[in-house]
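With TSV, C-alpha atoms inside, this is coords.tsv:
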chain	number	residue	atom	x	y	z
M	1	MET	CA	44.41	294.39	-87.78
M	2	LYS	CA	48.17	294.73	-87.19
M	3	ARG	CA	47.75	293.73	-83.55
M	4	VAL	CA	45.82	290.59	-84.51
M	5	LEU	CA	48.49	289.64	-87.05
M	6	PHE	CA	51.29	290.26	-84.53
M	7	ALA	CA	49.47	288.21	-81.88
M	8	SER	CA	48.97	285.36	-84.35
M	9	ILE	CA	52.64	285.36	-85.29
M	10	ALA	CA	53.70	285.46	-81.62
M	11	LEU	CA	51.37	282.55	-80.78
M	12	ALA	CA	52.68	280.53	-83.70
M	13	PHE	CA	56.29	281.00	-82.63
M	14	GLY	CA	55.40	280.32	-78.99
M	15	ALA	CA	53.53	277.13	-79.88
M	16	ASN	CA	56.45	275.97	-82.01
M	17	ALA	CA	58.95	276.59	-79.21
M	18	MET	CA	56.72	274.83	-76.64
M	19	ALA	CA	56.28	271.82	-78.96
M	20	GLN	CA	59.96	270.93	-78.76
M	21	THR	CA	59.76	268.67	-75.71
M	22	CYS	CA	58.99	265.02	-75.00
M	23	ALA	CA	55.60	266.04	-73.63
M	24	SER	CA	54.69	267.98	-76.79
M	25	PRO	CA	56.86	266.76	-79.67
M	26	LEU	CA	56.51	267.96	-83.24
M	27	PRO	CA	55.22	265.42	-85.79
M	28	ILE	CA	57.49	263.79	-88.34
M	29	GLN	CA	56.00	261.96	-91.34
M	30	SER	CA	57.02	259.41	-93.95
M	31	ASN	CA	58.68	260.65	-97.13
M	32	SER	CA	58.93	264.25	-95.94
M	33	ALA	CA	61.40	266.81	-94.66
M	34	VAL	CA	61.38	268.92	-91.50
M	35	SER	CA	63.54	271.95	-90.81
M	36	GLY	CA	64.35	273.81	-87.66
M	37	ASP	CA	67.03	275.55	-85.65
M	38	THR	CA	68.28	274.03	-82.41
M	39	CYS	CA	69.47	277.49	-81.32
M	40	THR	CA	65.79	278.38	-80.73
M	41	ALA	CA	65.20	275.28	-78.57
M	42	SER	CA	66.08	274.37	-75.00
M	43	ASN	CA	67.97	271.52	-73.35
M	44	THR	CA	65.12	269.44	-71.92
M	45	LEU	CA	67.13	266.18	-72.19
M	46	PRO	CA	70.58	266.72	-70.65
M	47	GLY	CA	71.51	263.19	-71.69
M	48	TYR	CA	70.41	260.09	-73.58
M	49	GLY	CA	70.86	257.03	-71.41
M	50	GLY	CA	74.57	257.12	-70.56
M	51	ILE	CA	75.40	259.81	-73.15
M	52	PRO	CA	75.60	263.33	-71.65
M	53	SER	CA	74.30	266.04	-73.97
M	54	PRO	CA	74.40	269.68	-72.85
M	55	GLN	CA	73.23	270.95	-76.28
M	56	THR	CA	69.71	272.11	-77.09
M	57	GLU	CA	67.43	269.75	-78.98
M	58	ILE	CA	64.25	269.62	-81.06
M	59	ILE	CA	62.05	266.57	-80.53
M	60	TYR	CA	59.78	264.92	-83.11
M	61	SER	CA	57.61	261.83	-82.69
M	62	PHE	CA	55.85	259.16	-84.74
M	63	VAL	CA	53.90	255.97	-84.13
M	64	ALA	CA	55.63	253.05	-85.87
M	65	GLN	CA	53.68	251.02	-88.38
M	66	SER	CA	55.89	248.72	-90.46
M	67	ALA	CA	58.62	251.35	-90.18
M	68	ASN	CA	61.30	250.98	-92.81
M	69	ALA	CA	62.97	254.31	-93.41
M	70	THR	CA	66.17	256.29	-93.28
M	71	ILE	CA	66.53	259.82	-91.99
M	72	SER	CA	69.21	262.03	-93.50
M	73	LEU	CA	70.34	265.13	-91.65
M	74	ALA	CA	71.84	268.26	-93.15
M	75	HIS	CA	72.85	271.42	-91.35
M	76	THR	CA	72.94	274.80	-93.02
M	77	GLY	CA	75.08	277.76	-92.25
M	78	ALA	CA	77.93	277.19	-89.83
M	79	PRO	CA	78.33	273.47	-89.11
M	80	PHE	CA	77.52	272.49	-85.54
M	81	GLY	CA	77.94	268.71	-85.61
M	82	ALA	CA	74.24	267.97	-86.14
M	83	THR	CA	73.31	264.63	-84.55
M	84	MET	CA	70.05	262.67	-84.30
M	85	PHE	CA	68.76	259.88	-82.10
M	86	VAL	CA	65.71	257.60	-82.18
M	87	MET	CA	64.44	256.93	-78.68
M	88	PRO	CA	61.60	254.63	-77.57
M	89	SER	CA	59.08	255.60	-74.89
M	90	PRO	CA	59.45	256.86	-72.29
M	91	CYS	CA	61.21	259.90	-73.67
M	92	SER	CA	63.54	260.78	-70.80
M	93	SER	CA	67.21	261.33	-70.01
M	94	SER	CA	67.45	257.79	-68.63
M	95	THR	CA	66.20	256.13	-71.85
M	96	ASP	CA	68.86	254.70	-74.13
M	97	PRO	CA	68.62	255.63	-77.82
M	98	ILE	CA	68.07	252.72	-80.22
M	99	ALA	CA	69.49	254.37	-83.35
M	100	LEU	CA	71.72	257.32	-84.08
M	101	GLY	CA	73.03	259.24	-87.04
M	102	ASP	CA	74.62	262.52	-87.93
M	103	PHE	CA	75.03	264.86	-90.86
M	104	THR	CA	77.42	262.38	-92.54
M	105	THR	CA	75.51	259.12	-91.98
M	106	PRO	CA	71.78	258.52	-92.63
M	107	MET	CA	70.04	256.84	-89.69
M	108	PRO	CA	68.09	253.62	-90.36
M	109	VAL	CA	64.68	253.40	-88.71
M	110	ASN	CA	63.36	249.83	-88.85
M	111	GLY	CA	62.62	246.80	-86.68
M	112	LEU	CA	60.37	248.88	-84.41
M	113	THR	CA	57.28	247.72	-82.53
M	114	ASN	CA	54.12	248.55	-84.48
M	115	GLY	CA	51.83	250.91	-82.58
M	116	ALA	CA	54.62	252.15	-80.27
M	117	THR	CA	55.60	255.84	-80.11
M	118	TYR	CA	59.19	256.75	-80.96
M	119	TYR	CA	61.02	260.06	-80.74
M	120	VAL	CA	63.49	261.56	-83.20
M	121	ILE	CA	65.78	263.99	-81.41
M	122	ILE	CA	67.91	266.49	-83.33
M	123	THR	CA	70.74	268.09	-81.36
M	124	GLY	CA	74.41	269.04	-81.52
M	125	ASP	CA	77.20	266.48	-81.24
M	126	PRO	CA	77.14	265.37	-77.56
M	127	GLY	CA	80.96	265.45	-77.58
M	128	GLY	CA	81.00	269.02	-78.91
M	129	PRO	CA	80.72	272.35	-77.12
M	130	ALA	CA	77.63	272.96	-74.97
M	131	ASP	CA	76.58	275.92	-77.14
M	132	ALA	CA	76.75	273.95	-80.43
M	133	CYS	CA	73.50	274.62	-82.29
M	134	GLY	CA	72.18	275.69	-85.65
M	135	PRO	CA	69.69	275.24	-88.47
M	136	PHE	CA	69.04	271.78	-89.96
M	137	THR	CA	66.87	269.80	-92.33
M	138	ALA	CA	65.97	266.16	-91.65
M	139	THR	CA	64.67	264.19	-94.65
M	140	VAL	CA	62.71	260.97	-94.15
M	141	THR	CA	62.87	258.45	-96.98
M	142	GLY	CA	60.47	255.56	-96.46
M	143	ILE	CA	57.68	254.68	-94.04
M	144	LEU	CA	57.50	255.80	-90.40
M	145	PRO	CA	53.87	256.12	-89.18
M	146	VAL	CA	50.55	254.74	-90.35
M	147	GLU	CA	49.46	256.35	-93.59
M	148	LEU	CA	46.11	256.13	-95.34
M	149	GLN	CA	46.71	254.12	-98.52
M	150	SER	CA	43.12	254.08	-99.80
M	151	PHE	CA	39.62	254.99	-98.75
M	152	SER	CA	36.22	254.02	-100.13
M	153	VAL	CA	32.59	254.24	-99.12
M	154	ASP	CA	30.40	251.35	-100.23

Starting from the file, lay out its structure as structure tokens.
Amino acid sequence: MKRVLFASIALAFGANAMAQTCASPLPIQSNSAVSGDTCTASNTLPGYGGIPSPQTEIIYSFVAQSANATISLAHTGAPFGATMFVMPSPCSSSTDPIALGDFTTPMPVNGLTNGATYYVIITGDPGGPADACGPFTATVTGILPVELQSFSVD
């Protein structure tokens, strides 16, 4: 029983670590909060368009549907200059971000193309030290993806 529990925990942590890339982003929803620690991630995007970023990042995604939201970012523990970007597809180092924010300024997320996939990237301040990382919480206030408003069977 202990081996099964340990294996389940190891798989959960492994899946979470693998999900922090453009190819397998974590989901982010409307009116919710996500928490993580960029120290447990890797640097899969060494830059954002013309902005070099040697820090590790965690990547979330959503499909826009009348997006009208703000995302607030808070870091816990030692401050590491938490920064966030919204990036359109394709999610790559050559793609320019379309919005940015940090732990002092909420990031607006609006005016997006309905049905298009967007990525929210949480990282350290690109101008800071390469090893800048830490725990964070990102809180979404408003609408990002499609949400079921009602359902009926006639």

- Message: With all atoms listed in the file as the counted atoms, please give the residues lying no more than 8 Å from stretch 60-75 of chain M, apart from itself and same-chain residues fewer than 4 positions off, as an MDAnalysis selection string.
- Response: chainID M and resid 20 25:30 79:80 82:84 101:121 134:146

M:Ala132: which residues within 12 Å, counting all atoms listed in the file, same-chain residues fewer than 5 positions away excluded, as a PDB file with C-alpha atoms, in the coordinates of the input?
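To be explicit, this is the file written out as selection-v4.pdb:
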ATOM      1  CA  ASP M  37      67.030 275.550 -85.650  1.00  0.00           C
ATOM      2  CA  THR M  38      68.280 274.030 -82.410  1.00  0.00           C
ATOM      3  CA  CYS M  39      69.470 277.490 -81.320  1.00  0.00           C
ATOM      4  CA  THR M  40      65.790 278.380 -80.730  1.00  0.00           C
ATOM      5  CA  ALA M  41      65.200 275.280 -78.570  1.00  0.00           C
ATOM      6  CA  SER M  42      66.080 274.370 -75.000  1.00  0.00           C
ATOM      7  CA  ASN M  43      67.970 271.520 -73.350  1.00  0.00           C
ATOM      8  CA  SER M  53      74.300 266.040 -73.970  1.00  0.00           C
ATOM      9  CA  PRO M  54      74.400 269.680 -72.850  1.00  0.00           C
ATOM     10  CA  GLN M  55      73.230 270.950 -76.280  1.00  0.00           C
ATOM     11  CA  THR M  56      69.710 272.110 -77.090  1.00  0.00           C
ATOM     12  CA  GLU M  57      67.430 269.750 -78.980  1.00  0.00           C
ATOM     13  CA  HIS M  75      72.850 271.420 -91.350  1.00  0.00           C
ATOM     14  CA  ALA M  78      77.930 277.190 -89.830  1.00  0.00           C
ATOM     15  CA  PRO M  79      78.330 273.470 -89.110  1.00  0.00           C
ATOM     16  CA  PHE M  80      77.520 272.490 -85.540  1.00  0.00           C
ATOM     17  CA  GLY M  81      77.940 268.710 -85.610  1.00  0.00           C
ATOM     18  CA  ALA M  82      74.240 267.970 -86.140  1.00  0.00           C
ATOM     19  CA  THR M  83      73.310 264.630 -84.550  1.00  0.00           C
ATOM     20  CA  ILE M 122      67.910 266.490 -83.330  1.00  0.00           C
ATOM     21  CA  THR M 123      70.740 268.090 -81.360  1.00  0.00           C
ATOM     22  CA  GLY M 124      74.410 269.040 -81.520  1.00  0.00           C
ATOM     23  CA  ASP M 125      77.200 266.480 -81.240  1.00  0.00           C
ATOM     24  CA  PRO M 126      77.140 265.370 -77.560  1.00  0.00           C
ATOM     25  CA  GLY M 127      80.960 265.450 -77.580  1.00  0.00           C
TER      26      GLY M 127
END

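Atom to atom, atom CA of M:Gly47 and atom CA of M:Ser93 stand 5.0 Å apart.
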
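Distance annotation: of M:Ala33, M:Ile58, M:Ile51, M:Cys22, the residue with the minimal separation from M:Ser89 is M:Cys22; atom set is only C-alpha atoms.
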
Let me know the centre plus edge lengths, in Å and rounded to one decimal, of a box with edges along x, y and z that contains all listed atoms of stretch 92-103 of chain M and is padded by 5 Å on every side, as AutoDock Vina command-line options.
--center_x 69.3 --center_y 258.8 --center_z -79.7 --size_x 21.5 --size_y 22.1 --size_z 32.2

- Message: What's the separation between atom CA of M:Pro97 and atom CA of M:Ala23, in Å to one decimal place?
- Response: 17.2 Å

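Across the structure, atom CA of M:Thr95 and atom CA of M:Gly49 are spaced 4.8 Å apart.
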
- Compare M:Val86, M:Thr21, M:Cys91, M:Asp96 by their minimum atom-to-atom distance to M:Tyr48, counting all atoms listed in the file, and give me the closest one. M:Asp96
